[in-house]
Structure formats: C-alpha cells, structure tokens
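Undergrad: Please find model01.pdb (PDB, C-alpha atoms and all ligand atoms) on the next line:
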```pdb
ATOM      1  CA  MET A 179      77.519  95.747 127.452
ATOM      2  CA  ALA A 180      79.470  92.744 126.246
ATOM      3  CA  ALA A 181      77.542  89.653 125.272
ATOM      4  CA  ASP A 182      78.769  86.370 126.756
ATOM      5  CA  ALA A 183      82.027  85.901 124.944
ATOM      6  CA  PRO A 184      82.667  82.331 123.872
ATOM      7  CA  TYR A 185      85.709  83.584 121.967
ATOM      8  CA  THR A 186      88.637  85.489 123.255
ATOM      9  CA  HIS A 187      89.521  88.105 120.785
ATOM     10  CA  GLU A 188      92.200  90.533 121.570
ATOM     11  CA  PRO A 189      92.168  93.193 118.873
ATOM     12  CA  VAL A 190      95.568  93.465 117.217
ATOM     13  CA  LEU A 191      97.474  96.795 117.317
ATOM     14  CA  LEU A 192      94.481  98.437 118.996
ATOM     15  CA  GLU A 193      96.472 101.037 120.939
ATOM     16  CA  GLU A 194      98.392 101.969 117.805
ATOM     17  CA  VAL A 195      95.168 102.355 115.775
ATOM     18  CA  LEU A 196      93.670 104.543 118.498
ATOM     19  CA  SER A 197      96.780 106.639 118.768
ATOM     20  CA  VAL A 198      96.621 107.500 115.027
ATOM     21  CA  LEU A 199      92.939 108.341 115.396
ATOM     22  CA  ARG A 200      93.458 110.442 118.531
ATOM     23  CA  ALA A 201      96.182 112.455 116.821
ATOM     24  CA  GLU A 202      94.089 113.093 113.709
ATOM     25  CA  MET A 203      90.629 113.492 115.254
ATOM     26  CA  ASP A 204      91.815 115.539 118.211
ATOM     27  CA  GLY A 205      89.270 118.054 119.393
ATOM     28  CA  ARG A 206      86.480 117.049 117.005
ATOM     29  CA  ALA A 207      83.063 117.083 118.596
ATOM     30  CA  SER A 208      81.737 114.441 116.248
ATOM     31  CA  VAL A 209      83.512 111.670 114.401
ATOM     32  CA  ARG A 210      81.865 109.593 111.699
ATOM     33  CA  ALA A 211      83.685 106.286 111.475
ATOM     34  CA  VAL A 212      83.472 103.075 109.488
ATOM     35  CA  ASP A 213      84.862  99.830 110.891
ATOM     36  CA  GLY A 214      85.071  97.891 107.630
ATOM     37  CA  THR A 215      85.961  94.593 109.323
ATOM     38  CA  LEU A 216      83.717  94.591 112.368
ATOM     39  CA  GLY A 217      84.575  91.037 113.489
ATOM     40  CA  LEU A 218      83.827  90.755 117.186
ATOM     41  CA  GLY A 219      83.576  94.534 117.500
ATOM     42  CA  GLY A 220      86.849  95.224 119.327
ATOM     43  CA  TYR A 221      87.882  98.222 117.215
ATOM     44  CA  SER A 222      84.322  99.577 117.086
ATOM     45  CA  GLU A 223      83.903  99.422 120.844
ATOM     46  CA  ALA A 224      87.234 101.161 121.392
ATOM     47  CA  MET A 225      86.309 103.973 118.972
ATOM     48  CA  LEU A 226      82.902 104.440 120.588
ATOM     49  CA  ARG A 227      84.524 104.695 124.019
ATOM     50  CA  THR A 228      87.455 106.886 122.951
ATOM     51  CA  PHE A 229      85.346 109.398 121.023
ATOM     52  CA  PRO A 230      82.124 110.059 122.938
ATOM     53  CA  GLY A 231      80.735 111.974 119.947
ATOM     54  CA  ALA A 232      81.521 109.201 117.478
ATOM     55  CA  GLU A 233      79.063 107.309 115.321
ATOM     56  CA  VAL A 234      80.354 104.008 113.978
ATOM     57  CA  VAL A 235      79.099 101.888 111.099
ATOM     58  CA  GLY A 236      80.444  98.327 111.297
ATOM     59  CA  ILE A 237      80.640  96.173 108.160
ATOM     60  CA  ASP A 238      81.225  92.430 108.027
ATOM     61  CA  ARG A 239      80.492  89.775 105.435
ATOM     62  CA  ASP A 240      80.133  87.166 108.194
ATOM     63  CA  LEU A 241      76.594  87.105 109.612
ATOM     64  CA  GLU A 242      77.668  85.290 112.750
ATOM     65  CA  ALA A 243      80.298  87.920 113.570
ATOM     66  CA  LEU A 244      77.791  90.658 112.843
ATOM     67  CA  GLY A 245      75.262  89.172 115.282
ATOM     68  CA  PHE A 246      77.880  88.780 117.972
ATOM     69  CA  ALA A 247      79.184  92.339 117.598
ATOM     70  CA  GLN A 248      75.670  93.816 117.493
ATOM     71  CA  ALA A 249      74.843  92.160 120.805
ATOM     72  CA  ARG A 250      78.119  93.349 122.279
ATOM     73  CA  LEU A 251      77.586  96.947 121.181
ATOM     74  CA  GLU A 252      73.866  97.350 121.677
ATOM     75  CA  GLY A 253      74.415  99.541 124.736
ATOM     76  CA  PHE A 254      75.739 102.273 122.429
ATOM     77  CA  GLY A 255      72.258 102.634 120.909
ATOM     78  CA  SER A 256      72.017 104.553 117.648
ATOM     79  CA  ARG A 257      75.702 105.530 117.769
ATOM     80  CA  PHE A 258      76.468 102.077 116.343
ATOM     81  CA  SER A 259      74.951 100.358 113.348
ATOM     82  CA  ALA A 260      75.936  97.188 111.519
ATOM     83  CA  VAL A 261      75.788  96.303 107.829
ATOM     84  CA  HIS A 262      76.108  92.829 106.329
ATOM     85  CA  ALA A 263      78.193  93.412 103.218
ATOM     86  CA  ASN A 264      81.514  92.885 101.514
ATOM     87  CA  PHE A 265      83.815  95.845 101.958
ATOM     88  CA  GLY A 266      84.642  95.425  98.262
ATOM     89  CA  ASP A 267      81.245  97.071  97.758
ATOM     90  CA  LEU A 268      81.868  99.897 100.181
ATOM     91  CA  ARG A 269      79.744 102.353  98.233
ATOM     92  CA  GLY A 270      76.741 100.026  98.268
ATOM     93  CA  ALA A 271      77.222  99.140 101.944
ATOM     94  CA  LEU A 272      77.311 102.820 102.942
ATOM     95  CA  GLU A 273      74.686 104.085 100.530
ATOM     96  CA  GLY A 274      72.869 107.141 101.831
ATOM     97  CA  ARG A 275      75.482 107.721 104.543
ATOM     98  CA  GLY A 276      78.772 109.576 104.649
ATOM     99  CA  PRO A 277      81.107 111.189 103.946
ATOM    100  CA  PHE A 278      83.230 109.786 106.790
ATOM    101  CA  ASP A 279      86.158 110.930 108.926
ATOM    102  CA  VAL A 280      87.590 107.510 109.699
ATOM    103  CA  PHE A 281      87.933 104.177 107.925
ATOM    104  CA  VAL A 282      89.569 101.296 109.794
ATOM    105  CA  PHE A 283      90.171  97.813 108.411
ATOM    106  CA  ASP A 284      91.660  94.862 110.272
ATOM    107  CA  LEU A 285      91.991  92.375 107.430
ATOM    108  CA  GLY A 286      91.769  88.607 107.410
ATOM    109  CA  VAL A 287      89.935  86.177 109.669
ATOM    110  CA  SER A 288      88.686  86.578 113.221
ATOM    111  CA  ASN A 289      89.385  84.254 116.118
ATOM    112  CA  MET A 290      85.753  83.266 116.026
ATOM    113  CA  GLN A 291      86.085  82.018 112.457
ATOM    114  CA  LEU A 292      89.303  80.192 113.323
ATOM    115  CA  SER A 293      88.023  78.640 116.504
ATOM    116  CA  GLU A 294      84.874  77.105 114.981
ATOM    117  CA  GLY A 295      85.955  73.858 113.340
ATOM    118  CA  GLU A 296      82.814  73.683 111.231
ATOM    119  CA  ARG A 297      83.775  76.873 109.348
ATOM    120  CA  GLY A 298      86.755  75.016 107.909
ATOM    121  CA  PHE A 299      89.379  77.755 108.387
ATOM    122  CA  SER A 300      91.596  75.962 110.857
ATOM    123  CA  PHE A 301      94.146  73.244 110.193
ATOM    124  CA  GLN A 302      94.014  72.522 113.910
ATOM    125  CA  LYS A 303      90.311  71.647 114.063
ATOM    126  CA  ASP A 304      88.508  69.092 112.007
ATOM    127  CA  GLY A 305      85.511  70.241 110.006
ATOM    128  CA  PRO A 306      84.173  70.558 106.464
ATOM    129  CA  LEU A 307      86.658  72.178 104.097
ATOM    130  CA  ASP A 308      84.524  75.292 103.606
ATOM    131  CA  MET A 309      86.436  78.555 104.416
ATOM    132  CA  ARG A 310      83.783  80.914 103.046
ATOM    133  CA  MET A 311      83.437  83.990 105.251
ATOM    134  CA  ASN A 312      79.894  84.412 103.973
ATOM    135  CA  PRO A 313      78.598  80.884 103.370
ATOM    136  CA  GLN A 314      75.059  82.236 102.868
ATOM    137  CA  GLY A 315      76.331  84.075  99.789
ATOM    138  CA  GLY A 316      77.066  80.791  97.991
ATOM    139  CA  GLY A 317      80.147  80.325  95.840
ATOM    140  CA  PRO A 318      82.705  77.526  95.833
ATOM    141  CA  THR A 319      84.099  76.142  99.084
ATOM    142  CA  ALA A 320      87.751  75.254  99.572
ATOM    143  CA  ALA A 321      86.827  71.596  98.861
ATOM    144  CA  ASP A 322      85.244  72.694  95.539
ATOM    145  CA  VAL A 323      88.376  74.652  94.601
ATOM    146  CA  LEU A 324      90.552  71.595  95.223
ATOM    147  CA  ALA A 325      88.168  69.291  93.350
ATOM    148  CA  GLN A 326      87.902  71.618  90.339
ATOM    149  CA  GLY A 327      91.554  72.556  90.051
ATOM    150  CA  ASP A 328      94.245  70.784  88.104
ATOM    151  CA  ALA A 329      97.714  70.543  89.619
ATOM    152  CA  LYS A 330      98.958  73.585  87.687
ATOM    153  CA  LYS A 331      96.167  75.852  88.844
ATOM    154  CA  LEU A 332      96.397  74.633  92.447
ATOM    155  CA  ALA A 333     100.168  75.092  92.517
ATOM    156  CA  ARG A 334      99.677  78.692  91.394
ATOM    157  CA  ILE A 335      97.116  79.310  94.166
ATOM    158  CA  PHE A 336      99.367  77.761  96.845
ATOM    159  CA  TRP A 337     102.360  79.767  95.624
ATOM    160  CA  GLU A 338     100.721  83.132  94.921
ATOM    161  CA  TYR A 339      98.513  83.372  97.973
ATOM    162  CA  GLY A 340     100.460  81.250 100.441
ATOM    163  CA  GLU A 341     104.038  81.614  99.229
ATOM    164  CA  GLU A 342     104.235  77.854  99.789
ATOM    165  CA  ARG A 343     107.636  76.672  98.552
ATOM    166  CA  HIS A 344     106.380  73.129  98.044
ATOM    167  CA  SER A 345     103.333  74.287  96.083
ATOM    168  CA  ARG A 346     103.927  72.057  93.042
ATOM    169  CA  ARG A 347     104.543  68.946  95.052
ATOM    170  CA  ILE A 348     101.457  69.439  97.233
ATOM    171  CA  ALA A 349      99.287  70.290  94.203
ATOM    172  CA  ALA A 350     100.462  67.116  92.454
ATOM    173  CA  CYS A 351      99.574  65.076  95.578
ATOM    174  CA  VAL A 352      96.094  66.634  95.659
ATOM    175  CA  GLU A 353      95.472  65.849  91.989
ATOM    176  CA  GLU A 354      96.742  62.294  92.333
ATOM    177  CA  HIS A 355      94.704  61.690  95.496
ATOM    178  CA  LEU A 356      91.490  62.873  93.845
ATOM    179  CA  ARG A 357      92.193  60.989  90.613
ATOM    180  CA  ARG A 358      92.386  57.778  92.630
ATOM    181  CA  GLY A 359      89.005  58.566  94.169
ATOM    182  CA  GLY A 360      90.388  59.756  97.532
ATOM    183  CA  ARG A 361      88.315  62.021  99.820
ATOM    184  CA  LEU A 362      89.214  65.646 100.313
ATOM    185  CA  GLU A 363      86.202  67.000 102.125
ATOM    186  CA  THR A 364      87.415  67.947 105.565
ATOM    187  CA  THR A 365      90.250  70.013 107.022
ATOM    188  CA  GLY A 366      91.543  66.760 108.517
ATOM    189  CA  ASP A 367      91.599  65.118 105.035
ATOM    190  CA  LEU A 368      93.710  67.999 103.701
ATOM    191  CA  THR A 369      96.176  68.171 106.589
ATOM    192  CA  ALA A 370      96.631  64.373 106.465
ATOM    193  CA  LEU A 371      97.250  64.552 102.719
ATOM    194  CA  ILE A 372      99.872  67.306 103.114
ATOM    195  CA  ARG A 373     101.599  65.412 105.901
ATOM    196  CA  GLY A 374     101.641  62.272 103.778
ATOM    197  CA  CYS A 375     102.894  64.175 100.743
ATOM    198  CA  LEU A 376     105.939  65.897 102.220
ATOM    199  CA  PRO A 377     108.862  63.905 103.626
ATOM    200  CA  GLU A 378     109.418  64.299 107.385
ATOM    201  CA  PRO A 379     112.671  66.271 107.105
ATOM    202  CA  VAL A 380     110.988  68.750 104.734
ATOM    203  CA  GLN A 381     108.097  69.193 107.199
ATOM    204  CA  ARG A 382     110.513  69.780 110.052
ATOM    205  CA  LYS A 383     112.251  72.526 108.089
ATOM    206  CA  MET A 384     109.006  74.326 107.261
ATOM    207  CA  GLY A 385     108.760  76.065 110.633
ATOM    208  CA  GLY A 386     105.121  75.983 111.773
ATOM    209  CA  HIS A 387     102.396  73.591 110.700
ATOM    210  CA  PRO A 388     103.050  72.067 107.253
ATOM    211  CA  ALA A 389      99.486  72.894 106.146
ATOM    212  CA  ARG A 390      99.532  76.536 107.303
ATOM    213  CA  ARG A 391     100.420  78.181 103.991
ATOM    214  CA  VAL A 392      98.077  76.032 101.919
ATOM    215  CA  PHE A 393      95.205  76.885 104.274
ATOM    216  CA  GLN A 394      96.029  80.593 104.016
ATOM    217  CA  ALA A 395      96.197  80.385 100.214
ATOM    218  CA  LEU A 396      92.860  78.600  99.905
ATOM    219  CA  ARG A 397      91.173  81.048 102.285
ATOM    220  CA  ILE A 398      92.449  84.063 100.330
ATOM    221  CA  PHE A 399      91.369  82.500  97.029
ATOM    222  CA  VAL A 400      87.938  81.307  98.199
ATOM    223  CA  ASN A 401      87.087  84.750  99.608
ATOM    224  CA  ASP A 402      88.798  86.746  96.832
ATOM    225  CA  GLU A 403      90.508  88.691  99.593
ATOM    226  CA  LEU A 404      92.884  90.591  97.322
ATOM    227  CA  GLY A 405      90.119  91.527  94.873
ATOM    228  CA  GLU A 406      88.040  92.802  97.804
ATOM    229  CA  LEU A 407      90.964  94.852  99.112
ATOM    230  CA  ASP A 408      91.694  96.360  95.707
ATOM    231  CA  SER A 409      88.066  97.299  95.163
ATOM    232  CA  MET A 410      87.735  98.774  98.663
ATOM    233  CA  LEU A 411      90.886 100.895  98.228
ATOM    234  CA  GLY A 412      89.434 102.278  94.998
ATOM    235  CA  GLN A 413      86.317 103.521  96.788
ATOM    236  CA  ILE A 414      87.686 105.056  99.980
ATOM    237  CA  PRO A 415      88.762 108.494  98.635
ATOM    238  CA  ALA A 416      85.290 109.432  97.385
ATOM    239  CA  LEU A 417      83.747 108.482 100.736
ATOM    240  CA  THR A 418      86.176 110.362 103.001
ATOM    241  CA  GLN A 419      86.037 114.025 104.089
ATOM    242  CA  PRO A 420      89.111 116.249 103.932
ATOM    243  CA  GLY A 421      90.990 115.697 107.185
ATOM    244  CA  GLY A 422      89.739 112.115 107.321
ATOM    245  CA  VAL A 423      91.974 109.068 107.770
ATOM    246  CA  ALA A 424      92.193 105.493 106.559
ATOM    247  CA  VAL A 425      93.940 102.982 108.832
ATOM    248  CA  ILE A 426      94.586  99.466 107.558
ATOM    249  CA  VAL A 427      96.051  96.523 109.466
ATOM    250  CA  SER A 428      97.191  93.673 107.227
ATOM    251  CA  TYR A 429      98.661  90.241 107.910
ATOM    252  CA  HIS A 430     100.618  89.177 104.871
ATOM    253  CA  SER A 431     102.955  90.724 102.368
ATOM    254  CA  LEU A 432     100.535  90.652  99.422
ATOM    255  CA  GLU A 433      97.993  92.756 101.294
ATOM    256  CA  ASP A 434     100.580  95.061 102.783
ATOM    257  CA  ARG A 435     102.130  95.715  99.384
ATOM    258  CA  MET A 436      98.752  96.644  97.894
ATOM    259  CA  VAL A 437      98.033  99.069 100.718
ATOM    260  CA  LYS A 438     101.512 100.612 100.569
ATOM    261  CA  HIS A 439     101.357 101.176  96.806
ATOM    262  CA  ARG A 440      97.853 102.592  96.871
ATOM    263  CA  PHE A 441      98.655 105.009  99.680
ATOM    264  CA  ARG A 442     101.777 106.141  97.817
ATOM    265  CA  ALA A 443      99.749 106.694  94.619
ATOM    266  CA  TRP A 444      97.143 108.699  96.550
ATOM    267  CA  GLU A 445      99.921 110.940  97.828
ATOM    268  CA  LYS A 446     102.299 111.228  94.873
ATOM    269  CA  GLU A 447     100.103 110.754  91.804
ATOM    270  CA  GLU A 448      96.680 111.900  92.885
ATOM    271  CA  GLY A 449      97.618 114.519  95.486
ATOM    272  CA  LEU A 450      94.867 113.342  97.825
ATOM    273  CA  GLY A 451      96.763 113.845 101.078
ATOM    274  CA  ARG A 452      99.730 112.284 102.829
ATOM    275  CA  VAL A 453     100.937 108.950 104.078
ATOM    276  CA  LEU A 454     101.138 109.033 107.889
ATOM    277  CA  THR A 455     103.282 105.906 108.157
ATOM    278  CA  ARG A 456     106.509 106.061 106.107
ATOM    279  CA  HIS A 457     107.237 102.645 107.570
ATOM    280  CA  PRO A 458     104.475 100.355 108.767
ATOM    281  CA  ILE A 459     103.739 100.322 112.495
ATOM    282  CA  LEU A 460     104.405  96.874 113.964
ATOM    283  CA  PRO A 461     103.265  95.366 117.259
ATOM    284  CA  GLY A 462     105.666  95.730 120.159
ATOM    285  CA  GLU A 463     107.567  92.812 121.656
ATOM    286  CA  GLU A 464     105.022  92.365 124.395
ATOM    287  CA  GLU A 465     102.030  92.132 122.053
ATOM    288  CA  ARG A 466     103.923  89.777 119.750
ATOM    289  CA  ALA A 467     104.722  87.491 122.662
ATOM    290  CA  ARG A 468     101.175  87.632 124.040
ATOM    291  CA  ASN A 469      99.204  87.312 120.828
ATOM    292  CA  TYR A 470     100.410  84.915 118.142
ATOM    293  CA  LYS A 471      98.199  86.522 115.508
ATOM    294  CA  ALA A 472      99.895  89.887 115.995
ATOM    295  CA  ARG A 473     103.255  88.608 114.789
ATOM    296  CA  SER A 474     102.610  89.321 111.133
ATOM    297  CA  ALA A 475     100.497  92.483 111.589
ATOM    298  CA  LYS A 476     101.396  95.772 109.892
ATOM    299  CA  LEU A 477      99.543  99.042 110.244
ATOM    300  CA  ARG A 478      99.529 101.770 107.600
ATOM    301  CA  ALA A 479      97.633 105.047 107.739
ATOM    302  CA  PHE A 480      96.761 107.823 105.292
ATOM    303  CA  ARG A 481      95.371 111.303 105.898
ATOM    304  CA  PHE A 482      93.179 112.931 103.257
ATOM    305  CA  GLY A 483      93.268 116.651 102.482
ATOM    306  CA  ALA A 484      95.910 119.301 102.694
TER     307      ALA A 484
HETATM  308  C1  LIG B   1      90.517  90.241 111.969
HETATM  309  S1  LIG B   1      88.792  90.245 112.029
HETATM  310  C2  LIG B   1      88.403  91.825 112.691
HETATM  311  C3  LIG B   1      88.473  91.888 114.188
HETATM  312  C4  LIG B   1      88.037  93.219 114.769
HETATM  313  N1  LIG B   1      88.978  94.277 114.470
HETATM  314  C5  LIG B   1      87.830  93.131 116.258
HETATM  315  O1  LIG B   1      88.489  93.891 116.984
HETATM  316  O2  LIG B   1      87.014  92.317 116.724
HETATM  317  C6  LIG B   1      88.359  90.437 110.345
HETATM  318  C7  LIG B   1      86.876  90.433 110.042
HETATM  319  O3  LIG B   1      86.722  90.993 108.736
HETATM  320  C8  LIG B   1      85.735  90.282 108.057
HETATM  321  N2  LIG B   1      86.024  90.425 106.632
HETATM  322  C9  LIG B   1      87.090  89.959 105.972
HETATM  323  N3  LIG B   1      87.003  90.277 104.677
HETATM  324  C10 LIG B   1      85.871  90.998 104.521
HETATM  325  C11 LIG B   1      85.243  91.632 103.407
HETATM  326  N4  LIG B   1      85.771  91.587 102.190
HETATM  327  N5  LIG B   1      84.095  92.308 103.617
HETATM  328  C12 LIG B   1      83.552  92.378 104.861
HETATM  329  N6  LIG B   1      84.088  91.781 105.949
HETATM  330  C13 LIG B   1      85.237  91.109 105.781
HETATM  331  C14 LIG B   1      85.856  88.859 108.548
HETATM  332  O4  LIG B   1      84.620  88.186 108.376
HETATM  333  C15 LIG B   1      86.236  89.063 110.018
HETATM  334  O5  LIG B   1      85.099  89.036 110.834
END
```
Translate the structure described by the file into structure tokens.
Ligand SMILES: C[S@@+](CC[C@H](N)C(=O)[O-])C[C@H]1O[C@@H](n2cnc3c(N)ncnc32)[C@H](O)[C@@H]1O

TA:
Amino acid sequence: MAADAPYTHEPVLLEEVLSVLRAEMDGRASVRAVDGTLGLGGYSEAMLRTFPGAEVVGIDRDLEALGFAQARLEGFGSRFSAVHANFGDLRGALEGRGPFDVFVFDLGVSNMQLSEGERGFSFQKDGPLDMRMNPQGGGPTAADVLAQGDAKKLARIFWEYGEERHSRRIAACVEEHLRRGGRLETTGDLTALIRGCLPEPVQRKMGGHPARRVFQALRIFVNDELGELDSMLGQIPALTQPGGVAVIVSYHSLEDRMVKHRFRAWEKEEGLGRVLTRHPILPGEEERARNYKARSAKLRAFRFGA
C-alpha cells in the first residue's frame, strides 16, 4: 500500500489522536472524516485502518504531499479522496460533501517539506529562500518578504511569529545588508547573515540554531498560517454533525492559543458542545525523545452536540 518512502515521517501524537477518536466514534458503523493537513497521509492511513467503515477526505495545499499521500493510500480505493486546497477555505474544499463526524488537523510543515532543500524551509539545507507551501499558487516568497520589508516591519514579523528576542537587531542587519547590495536569496545567505549579525556569546545562549526562530516566523508569515487557522476554525461548526469531533495538533503558542480560545468560545459562548481536553495532551517522554518535532506538540479536542 505504501509508496516508496523517501521521507521518514512519524506522525506526531498519533496514538493520542486515535484514542480521542476511538472514544468518541465508538460503535459507529460509518465515520466521515476530514484530514485537513494530509501531509504524507499518516493520520489518514491510521483512521482508515482503525475505522473500517470510515471515509476520509484529505486536504493539503502542497501538491507534492498530495501526490505522495494519494499513492500511499490508493489501496483504500474510494474510501479515500484527496483535495488540493487551503484549509482556510474549508467550505470550498468540501463543497458538495459533508456534514462530517471528524476533523483532524496536524498544523505546520511536514518532514518532506523540511527535508527538501529546494523548498527553502530548512535552515539546515541550502536552497532558494522560498518557503511557500503552495508555490504553484504564486504569492511572495520568503526572499521577497525580506527584500520588501523595512527593518521595522521585519522586526515585527520575527517577534510576533517567531518570538525572536533579537528581532530588531536581526532585522536591522537584513536591511543594512540589502541596502549595501548584498544577496539574500538562499537559506544559506540568511543563516550566514544571522550568524554574522549576532555575537558568538549571544548565539550560544540562544539554545538551538540561531536562525530557527526567524525561519519559523518567515514561514508563518509567507503562508499566512494564523489567518488560515482562524478562517478554518470559523468554518468547522457548520460542517460537523452533532456528536462529531475536531482534533487539532499545534506546534507553537500562537496557534495553540487560538485553538484554546476558539474551543472555549464554542463551549461557553455559543453552546456548541464541550471541550474534551481541559489541558492540552502532550507527547509522552518516549515520543519526545524519539521524535524531535514532537517536543512542542499540543493536542486539543472538541466534541459537538449535547
Ligand atoms: C505536519 S504535516 C501533516 C502530517 C500528517 N499528519 C501525516 O501524518 O503525514 C502538515 C501538512 O499540512 C499542510 N498544510 C499546512 N497548512 C495548510 C493549509 N492552510 N491548508 C492546507 N494544507 C496545509 C502542509 O502542506 C503539510 O503537508
């Protein structure tokens, strides 16, 4: 069933996602599910195997991921279908289908996107400073954002989306570098600039790669990740049946806060159902040790209906 896998992708918090779904979908003969961040298809495959009566629609804005997951899941026949779309336009992506029992989202980037240098997501691999999850859709690349931004705007991006404490200093270095006609076209150009900008002792204190937070900030900005999340959250209730669940795994505090507040509003202000996770579910020690990406993951779940 699996296509040749050039990427290792271990789905984060998979057992925990399935355990919420098992508890809520228990005994149902058919389950209509949406995997809003299909990626390499790890969650979708697990749902198709766990619920033999399940039909899964997988959404991804990345055509390459979509192709990979489709090949991986083709053995499930018509039980699985894939849609190339932004989950910010959930209604459009699912037009003519639904309502659904399950929505799962595993936010952020996939290992495939990170491991391909030419996509520009990784500070560890050299490639064009692109970072668009859907390059075919056009829009500015990370290099364009840097070239168009003044130091004030860039500092705000680095601080808001990356919580980078040295945001102003790095933004000033970027502006100065470009003003002098310096190149900032590849991931290597940007990491070298950041290394040259921050004194050694500061870099040592940063814990992790000195470019990590700036890369995260640019990726979130380029792909409007928070706007997408906000729009998606606004559309889920109308697409979910009573008794249905939404499960969201996020990787940084900005996303987690948005999910937490929206779930609370659904429960307390709109009376749409109840929050299943008073506190977020976190990966266990073993998963955290095994899978670096899992370290920042948080799972929250909501059940619709009485
Ligand atoms: C962390 S990966 C998902 C991995 C997946 N759970 C698995 O087990 O293979 C996140 C995926 O979501 C996609 N994605 C992120 N933001 C999106 C959006 N706004 N609309 C659609 N897909 C998005 C990315 O392209 C990426 O493939």

Undergrad: Using all atoms listed in the file, which residue out of A:Thr418, A:Gln381, A:Ser428, A:Gln394 lies closest to ligand LIG 1 (chain B)?

TA: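 Ranking A:Thr418, A:Gln381, A:Ser428, A:Gln394 by distance to ligand LIG 1 (chain B), first place goes to A:Ser428.
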
Undergrad: Step by step, measure atom-to-atom distances between ligand LIG 1 (chain B) and each residue using only C-alpha atoms and all ligand atoms, keep those at most 9 Å, then write them as a VMD selection string.

TA: chain A and resid 187 to 190 192 213 to 224 237 to 244 247 262 to 268 282 to 291 311 to 312 401 to 407 410 427 to 428

Undergrad: Excluding A:Phe301 and any residue of its chain fewer than 2 positions from it, enumerate the residues within 7 Å of it, using only C-alpha atoms, and give them as a PyMOL selection string.

TA: chain A and resi 299+303+365+369+389-390

Undergrad: Output the selection as a compact mmCIF listing (two decimals), in the coordinates of the input - C-alpha atoms for each residue.

TA:
```txt
# COMPACT_ATOMS: atom_id res chain seq x y z
CA PHE A 299 89.38 77.76 108.39
CA LYS A 303 90.31 71.65 114.06
CA THR A 365 90.25 70.01 107.02
CA THR A 369 96.18 68.17 106.59
CA ALA A 389 99.49 72.89 106.15
CA ARG A 390 99.53 76.54 107.30
```

Undergrad: Using atom CA of A:Cys375 and atom CA of A:Cys351 as the two end points, give the distance in Å to one decimal.

TA: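 Atom CA of A:Cys351 lies 6.2 Å from atom CA of A:Cys375.
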
Undergrad: Could you check which of A:Met436, A:Phe258, A:Arg397, A:Phe480 is closest to A:Val453, using all atoms listed in the file?

TA: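 When distances to A:Val453 are compared using all atoms listed in the file, the smallest one comes from A:Phe480.
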
Undergrad: Show me, as an NGL selection string, the residues that have an atom within 7 Å of A:Val392 when counting only C-alpha atoms, minus same-chain residues fewer than 3 positions from it.

TA: :A and (336 or 340 or 342 or 389 or 395-396)

Undergrad: For C-alpha atoms, I'd like the residues from the last selection saved as an mmCIF file, in the frame of the given file.

TA:
```cif
data_model
loop_
_atom_site.group_PDB
_atom_site.id
_atom_site.type_symbol
_atom_site.label_atom_id
_atom_site.label_comp_id
_atom_site.auth_asym_id
_atom_site.auth_seq_id
_atom_site.Cartn_x
_atom_site.Cartn_y
_atom_site.Cartn_z
ATOM 1 C CA PHE A 336 99.367 77.761 96.845
ATOM 2 C CA GLY A 340 100.460 81.250 100.441
ATOM 3 C CA GLU A 342 104.235 77.854 99.789
ATOM 4 C CA ALA A 389 99.486 72.894 106.146
ATOM 5 C CA ALA A 395 96.197 80.385 100.214
ATOM 6 C CA LEU A 396 92.860 78.600 99.905
#
```

Undergrad: Would you mind putting N, CA, C and O atoms back on stretch 431-442 of chain A and writing the result as a PDB file, keeping the file's coordinate frame?

TA:
```pdb
ATOM      1  N   SER A 431     102.232  89.766 103.206  1.00  0.00           N
ATOM      2  CA  SER A 431     102.955  90.724 102.368  1.00  0.00           C
ATOM      3  C   SER A 431     102.144  91.157 101.148  1.00  0.00           C
ATOM      4  O   SER A 431     102.254  92.298 100.710  1.00  0.00           O
ATOM      5  N   LEU A 432     101.299  90.277 100.617  1.00  0.00           N
ATOM      6  CA  LEU A 432     100.535  90.652  99.422  1.00  0.00           C
ATOM      7  C   LEU A 432      99.591  91.806  99.741  1.00  0.00           C
ATOM      8  O   LEU A 432      99.487  92.773  98.987  1.00  0.00           O
ATOM      9  N   GLU A 433      98.909  91.685 100.889  1.00  0.00           N
ATOM     10  CA  GLU A 433      97.993  92.756 101.294  1.00  0.00           C
ATOM     11  C   GLU A 433      98.763  94.031 101.600  1.00  0.00           C
ATOM     12  O   GLU A 433      98.390  95.119 101.165  1.00  0.00           O
ATOM     13  N   ASP A 434      99.827  93.877 102.358  1.00  0.00           N
ATOM     14  CA  ASP A 434     100.580  95.061 102.783  1.00  0.00           C
ATOM     15  C   ASP A 434     101.120  95.822 101.569  1.00  0.00           C
ATOM     16  O   ASP A 434     101.082  97.048 101.525  1.00  0.00           O
ATOM     17  N   ARG A 435     101.601  95.086 100.592  1.00  0.00           N
ATOM     18  CA  ARG A 435     102.130  95.715  99.384  1.00  0.00           C
ATOM     19  C   ARG A 435     101.037  96.505  98.661  1.00  0.00           C
ATOM     20  O   ARG A 435     101.253  97.618  98.206  1.00  0.00           O
ATOM     21  N   MET A 436      99.838  95.933  98.577  1.00  0.00           N
ATOM     22  CA  MET A 436      98.752  96.644  97.894  1.00  0.00           C
ATOM     23  C   MET A 436      98.408  97.942  98.608  1.00  0.00           C
ATOM     24  O   MET A 436      98.187  98.980  97.988  1.00  0.00           O
ATOM     25  N   VAL A 437      98.381  97.876  99.932  1.00  0.00           N
ATOM     26  CA  VAL A 437      98.033  99.069 100.718  1.00  0.00           C
ATOM     27  C   VAL A 437      99.128 100.124 100.557  1.00  0.00           C
ATOM     28  O   VAL A 437      98.860 101.296 100.297  1.00  0.00           O
ATOM     29  N   LYS A 438     100.375  99.679 100.671  1.00  0.00           N
ATOM     30  CA  LYS A 438     101.512 100.612 100.569  1.00  0.00           C
ATOM     31  C   LYS A 438     101.502 101.330  99.210  1.00  0.00           C
ATOM     32  O   LYS A 438     101.609 102.556  99.147  1.00  0.00           O
ATOM     33  N   HIS A 439     101.329 100.570  98.138  1.00  0.00           N
ATOM     34  CA  HIS A 439     101.357 101.176  96.806  1.00  0.00           C
ATOM     35  C   HIS A 439     100.182 102.115  96.583  1.00  0.00           C
ATOM     36  O   HIS A 439     100.328 103.183  96.007  1.00  0.00           O
ATOM     37  N   ARG A 440      99.023 101.723  97.078  1.00  0.00           N
ATOM     38  CA  ARG A 440      97.853 102.592  96.871  1.00  0.00           C
ATOM     39  C   ARG A 440      98.004 103.895  97.645  1.00  0.00           C
ATOM     40  O   ARG A 440      97.728 104.972  97.137  1.00  0.00           O
ATOM     41  N   PHE A 441      98.470 103.788  98.879  1.00  0.00           N
ATOM     42  CA  PHE A 441      98.655 105.009  99.680  1.00  0.00           C
ATOM     43  C   PHE A 441      99.676 105.934  98.989  1.00  0.00           C
ATOM     44  O   PHE A 441      99.490 107.145  98.930  1.00  0.00           O
ATOM     45  N   ARG A 442     100.749 105.328  98.483  1.00  0.00           N
ATOM     46  CA  ARG A 442     101.777 106.141  97.817  1.00  0.00           C
ATOM     47  C   ARG A 442     101.182 106.827  96.579  1.00  0.00           C
ATOM     48  O   ARG A 442     101.428 108.000  96.321  1.00  0.00           O
TER      49      ARG A 442
END
```
